[in-house]
Structure formats: C-alpha cells, structure tokens
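Peer 1: Got a structure for you, written out below as structure tokens; questions coming shortly.
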Amino acid sequence: AALDHAPAVRHTTAPLYPQAWIDAGRKGTITVAFYIDETGHVRMPVARDAHDDLLASAACAAVKEWLFDPPVRRGKPVLAQVSIPINFDPPTKSVTSFKG
C-alpha cells in the first residue's frame with residue numbers, strides 16, 4: 001500500500017570496508033531488503049542476490065544501525081518494507097608520472 005511520503009533517513013552508518021578487502025578486490029553492490037518499523041528503526045535486514053558473503057554481512061550490519069522518520073500511511077505510523085543498494089566501490093588509485 002502507498003505511503004503518505006517516503007520515509008526520510010535521519011541517521012546512517014557506513015558499512016565496514018577494511019583496506020584488506022579493498023586490496024583483495026572485494027567490490028560490488030549489495031541490495032539490502034528490510035522493514036522500517038513504526039518508530040523508524042530498521043528490522044530484519046537481509047542481503048538479496050549477494051555475490052560476496054563478507055560484503056553482504058557488512059551491508060546488513062550497517063543498515064541495521066540506520067534510523068528513519070517513521071513510515072506514515074493515512075496519517076498514522078506503519079511498518080514498511082524497502083530495499084536499498086549498498087555500493088562497495090573503492091576509489092581508484094591514480095599514479096602520477098613526473099618527467100624531470
């Protein structure tokens with residue numbers, strides 16, 4: 001059912017992305033499905049179509065800490081299901097050459 005408006009994010013926590021994972025080439029997008037309850041807290045985050053268990057675990061752990069404005073339907077707080085992609089994409093290292 002339609003909500004009065006999309007729940008606004010009040011607080012996010014970035015997922016753990018250790019340098020060792022970056023060095024090992026762990027990257028990709030993990031879609032996390034979860035519920036936002038009537039108080040705005042995240043419930044039951046689950047990684048969908050995860051290609052990397054470590055990234056999936058890190059994404060779910062981070063999303064579990066998020067906080068939203070409560071979802072509202074017809075003026076009353078309700079439980080809502082959402083899915084959000086979490087990107088693990090390390091910055092590219094650029095090498096500068098100098099000619100002297």
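Following the order of the structure tokens, first chain is A, next is B, and so on, with residues numbered from 1 inside each chain and ligands from 1 in the order they appear.
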Using only C-alpha atoms, determine which residues lie at most 12 Å from A:Trp21, disregarding the query and same-chain residues fewer than 3 positions distant; provide the list as a PDB file with all heavy atoms, in the first residue's frame.

Peer 2:
ATOM      1  N   LEU A  16      31.340  -1.330   7.114  1.00  0.00           N
ATOM      2  CA  LEU A  16      32.748  -1.652   7.304  1.00  0.00           C
ATOM      3  C   LEU A  16      33.323  -2.066   5.954  1.00  0.00           C
ATOM      4  O   LEU A  16      32.752  -2.901   5.260  1.00  0.00           O
ATOM      5  CB  LEU A  16      32.876  -2.807   8.304  1.00  0.00           C
ATOM      6  CG  LEU A  16      34.258  -3.379   8.538  1.00  0.00           C
ATOM      7  CD1 LEU A  16      35.120  -2.353   9.273  1.00  0.00           C
ATOM      8  CD2 LEU A  16      34.160  -4.659   9.354  1.00  0.00           C
ATOM      9  N   TYR A  17      34.425  -1.455   5.566  1.00  0.00           N
ATOM     10  CA  TYR A  17      35.065  -1.772   4.294  1.00  0.00           C
ATOM     11  C   TYR A  17      36.576  -1.690   4.501  1.00  0.00           C
ATOM     12  O   TYR A  17      37.228  -0.731   4.093  1.00  0.00           O
ATOM     13  CB  TYR A  17      34.579  -0.784   3.233  1.00  0.00           C
ATOM     14  CG  TYR A  17      34.814  -1.190   1.794  1.00  0.00           C
ATOM     15  CD1 TYR A  17      35.047  -2.502   1.408  1.00  0.00           C
ATOM     16  CD2 TYR A  17      34.768  -0.234   0.794  1.00  0.00           C
ATOM     17  CE1 TYR A  17      35.238  -2.848   0.089  1.00  0.00           C
ATOM     18  CE2 TYR A  17      34.950  -0.559  -0.533  1.00  0.00           C
ATOM     19  CZ  TYR A  17      35.193  -1.871  -0.881  1.00  0.00           C
ATOM     20  OH  TYR A  17      35.381  -2.207  -2.199  1.00  0.00           O
ATOM     21  N   PRO A  18      37.138  -2.694   5.163  1.00  0.00           N
ATOM     22  CA  PRO A  18      38.564  -2.658   5.509  1.00  0.00           C
ATOM     23  C   PRO A  18      39.471  -2.582   4.283  1.00  0.00           C
ATOM     24  O   PRO A  18      39.131  -3.086   3.208  1.00  0.00           O
ATOM     25  CB  PRO A  18      38.797  -3.980   6.245  1.00  0.00           C
ATOM     26  CG  PRO A  18      37.459  -4.488   6.607  1.00  0.00           C
ATOM     27  CD  PRO A  18      36.497  -3.915   5.616  1.00  0.00           C
ATOM     28  N   ALA A  24      42.078  -6.855  -1.729  1.00  0.00           N
ATOM     29  CA  ALA A  24      41.743  -8.170  -2.272  1.00  0.00           C
ATOM     30  C   ALA A  24      40.767  -8.075  -3.444  1.00  0.00           C
ATOM     31  O   ALA A  24      40.427  -9.085  -4.059  1.00  0.00           O
ATOM     32  CB  ALA A  24      41.147  -9.049  -1.174  1.00  0.00           C
ATOM     33  N   GLY A  25      40.316  -6.863  -3.746  1.00  0.00           N
ATOM     34  CA  GLY A  25      39.417  -6.684  -4.880  1.00  0.00           C
ATOM     35  C   GLY A  25      37.955  -6.945  -4.581  1.00  0.00           C
ATOM     36  O   GLY A  25      37.149  -7.130  -5.484  1.00  0.00           O
ATOM     37  N   ARG A  26      37.587  -6.955  -3.296  1.00  0.00           N
ATOM     38  CA  ARG A  26      36.179  -7.138  -2.932  1.00  0.00           C
ATOM     39  C   ARG A  26      35.429  -5.854  -3.248  1.00  0.00           C
ATOM     40  O   ARG A  26      35.658  -4.831  -2.631  1.00  0.00           O
ATOM     41  CB  ARG A  26      36.046  -7.450  -1.452  1.00  0.00           C
ATOM     42  CG  ARG A  26      36.356  -8.849  -1.093  1.00  0.00           C
ATOM     43  CD  ARG A  26      36.017  -9.076   0.383  1.00  0.00           C
ATOM     44  NE  ARG A  26      35.490 -10.370   0.689  1.00  0.00           N
ATOM     45  CZ  ARG A  26      36.142 -11.513   0.621  1.00  0.00           C
ATOM     46  NH1 ARG A  26      37.360 -11.512   0.181  1.00  0.00           N
ATOM     47  NH2 ARG A  26      35.590 -12.641   0.952  1.00  0.00           N
ATOM     48  N   LYS A  27      34.529  -5.942  -4.213  1.00  0.00           N
ATOM     49  CA  LYS A  27      33.725  -4.779  -4.555  1.00  0.00           C
ATOM     50  C   LYS A  27      32.421  -5.256  -5.166  1.00  0.00           C
ATOM     51  O   LYS A  27      32.273  -6.419  -5.537  1.00  0.00           O
ATOM     52  CB  LYS A  27      34.455  -3.843  -5.505  1.00  0.00           C
ATOM     53  CG  LYS A  27      34.805  -4.430  -6.845  1.00  0.00           C
ATOM     54  CD  LYS A  27      35.533  -3.409  -7.686  1.00  0.00           C
ATOM     55  CE  LYS A  27      35.838  -3.988  -9.063  1.00  0.00           C
ATOM     56  NZ  LYS A  27      36.448  -2.990  -9.923  1.00  0.00           N
ATOM     57  N   GLY A  28      31.480  -4.358  -5.246  1.00  0.00           N
ATOM     58  CA  GLY A  28      30.199  -4.702  -5.837  1.00  0.00           C
ATOM     59  C   GLY A  28      29.073  -3.976  -5.124  1.00  0.00           C
ATOM     60  O   GLY A  28      29.287  -3.122  -4.270  1.00  0.00           O
ATOM     61  N   ASP A  52      28.956 -11.829  -2.472  1.00  0.00           N
ATOM     62  CA  ASP A  52      30.073 -11.876  -1.533  1.00  0.00           C
ATOM     63  C   ASP A  52      29.514 -11.832  -0.115  1.00  0.00           C
ATOM     64  O   ASP A  52      28.932 -10.833   0.299  1.00  0.00           O
ATOM     65  CB  ASP A  52      30.996 -10.678  -1.797  1.00  0.00           C
ATOM     66  CG  ASP A  52      32.266 -10.716  -0.971  1.00  0.00           C
ATOM     67  OD1 ASP A  52      32.176 -10.860   0.274  1.00  0.00           O
ATOM     68  OD2 ASP A  52      33.357 -10.575  -1.544  1.00  0.00           O
ATOM     69  N   LEU A  54      30.937 -11.630   2.811  1.00  0.00           N
ATOM     70  CA  LEU A  54      31.515 -10.636   3.715  1.00  0.00           C
ATOM     71  C   LEU A  54      30.924  -9.248   3.457  1.00  0.00           C
ATOM     72  O   LEU A  54      30.583  -8.522   4.395  1.00  0.00           O
ATOM     73  CB  LEU A  54      33.035 -10.589   3.580  1.00  0.00           C
ATOM     74  CG  LEU A  54      33.779 -11.804   4.126  1.00  0.00           C
ATOM     75  CD1 LEU A  54      35.274 -11.704   3.825  1.00  0.00           C
ATOM     76  CD2 LEU A  54      33.554 -11.957   5.619  1.00  0.00           C
ATOM     77  N   LEU A  55      30.784  -8.877   2.183  1.00  0.00           N
ATOM     78  CA  LEU A  55      30.175  -7.592   1.863  1.00  0.00           C
ATOM     79  C   LEU A  55      28.704  -7.577   2.279  1.00  0.00           C
ATOM     80  O   LEU A  55      28.207  -6.572   2.800  1.00  0.00           O
ATOM     81  CB  LEU A  55      30.304  -7.279   0.375  1.00  0.00           C
ATOM     82  CG  LEU A  55      31.709  -7.081  -0.181  1.00  0.00           C
ATOM     83  CD1 LEU A  55      31.646  -6.732  -1.661  1.00  0.00           C
ATOM     84  CD2 LEU A  55      32.476  -6.025   0.593  1.00  0.00           C
ATOM     85  N   ALA A  58      28.537  -7.038   6.013  1.00  0.00           N
ATOM     86  CA  ALA A  58      28.883  -5.654   6.362  1.00  0.00           C
ATOM     87  C   ALA A  58      27.747  -4.704   6.009  1.00  0.00           C
ATOM     88  O   ALA A  58      27.430  -3.786   6.771  1.00  0.00           O
ATOM     89  CB  ALA A  58      30.165  -5.241   5.641  1.00  0.00           C
ATOM     90  N   PHE A  88      29.934  -1.014  -2.683  1.00  0.00           N
ATOM     91  CA  PHE A  88      31.299  -1.188  -2.204  1.00  0.00           C
ATOM     92  C   PHE A  88      32.186  -1.008  -3.427  1.00  0.00           C
ATOM     93  O   PHE A  88      32.356  -1.925  -4.217  1.00  0.00           O
ATOM     94  CB  PHE A  88      31.508  -2.579  -1.606  1.00  0.00           C
ATOM     95  CG  PHE A  88      30.776  -2.817  -0.329  1.00  0.00           C
ATOM     96  CD1 PHE A  88      29.469  -3.273  -0.330  1.00  0.00           C
ATOM     97  CD2 PHE A  88      31.394  -2.583   0.891  1.00  0.00           C
ATOM     98  CE1 PHE A  88      28.785  -3.499   0.852  1.00  0.00           C
ATOM     99  CE2 PHE A  88      30.722  -2.797   2.079  1.00  0.00           C
ATOM    100  CZ  PHE A  88      29.414  -3.256   2.064  1.00  0.00           C
ATOM    101  N   ASP A  89      32.689   0.189  -3.602  1.00  0.00           N
ATOM    102  CA  ASP A  89      33.493   0.504  -4.779  1.00  0.00           C
ATOM    103  C   ASP A  89      34.660   1.376  -4.333  1.00  0.00           C
ATOM    104  O   ASP A  89      34.487   2.576  -4.112  1.00  0.00           O
ATOM    105  CB  ASP A  89      32.632   1.227  -5.812  1.00  0.00           C
ATOM    106  CG  ASP A  89      33.302   1.315  -7.163  1.00  0.00           C
ATOM    107  OD1 ASP A  89      34.306   0.613  -7.385  1.00  0.00           O
ATOM    108  OD2 ASP A  89      32.814   2.092  -7.991  1.00  0.00           O
ATOM    109  N   PRO A  90      35.830   0.761  -4.179  1.00  0.00           N
ATOM    110  CA  PRO A  90      36.966   1.539  -3.693  1.00  0.00           C
ATOM    111  C   PRO A  90      37.367   2.624  -4.672  1.00  0.00           C
ATOM    112  O   PRO A  90      37.189   2.472  -5.884  1.00  0.00           O
ATOM    113  CB  PRO A  90      38.083   0.499  -3.546  1.00  0.00           C
ATOM    114  CG  PRO A  90      37.714  -0.579  -4.494  1.00  0.00           C
ATOM    115  CD  PRO A  90      36.201  -0.597  -4.552  1.00  0.00           C
TER     116      PRO A  90
END

Peer 1: Please provide the set of residues having any atom within 8 Å of A:Val42, restricted to only C-alpha atoms, with same-chain residues fewer than 2 positions apart removed, written as a ChimeraX atom specification.

Peer 2: /A:34-37,40,44-45,63-68

Peer 1: Produce a file of the selected residues containing C-alpha atoms, as a compact mmCIF listing (two decimals), in the first residue's frame.

Peer 2:
# COMPACT_ATOMS: atom_id res chain seq x y z
CA PHE A 34 14.47 -4.56 5.35
CA TYR A 35 11.50 -3.21 7.25
CA ILE A 36 11.23 0.24 8.78
CA ASP A 37 9.01 -0.03 11.84
CA GLY A 40 11.71 4.48 12.29
CA MET A 44 15.32 -7.75 9.74
CA PRO A 45 17.85 -6.56 7.12
CA VAL A 63 21.79 -0.78 7.65
CA LYS A 64 20.67 -2.23 10.98
CA GLU A 65 22.06 0.94 12.62
CA TRP A 66 20.14 3.32 10.35
CA LEU A 67 17.22 5.40 11.58
CA PHE A 68 14.36 6.85 9.54

Peer 1: So which one's closest to A:Ala62, A:Pro7, A:Val46, A:Val78, A:Glu38? Using only C-alpha atoms, please.

Peer 2: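 Comparing A:Pro7, A:Val46, A:Val78, A:Glu38 against A:Ala62, the winner is A:Val46.
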
Peer 1: How many Å separate atom CA of A:Ile22 from atom CA of A:Val9?

Peer 2: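 Going from atom CA of A:Ile22 over to atom CA of A:Val9 covers 27.2 Å.
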
Peer 1: Mind checking which residues fall within 9 Å of A:Ile84, counting only C-alpha atoms, ignoring those fewer than 6 positions away in the same chain, and posting them as number ranges by chain?

Peer 2: A: 30-34
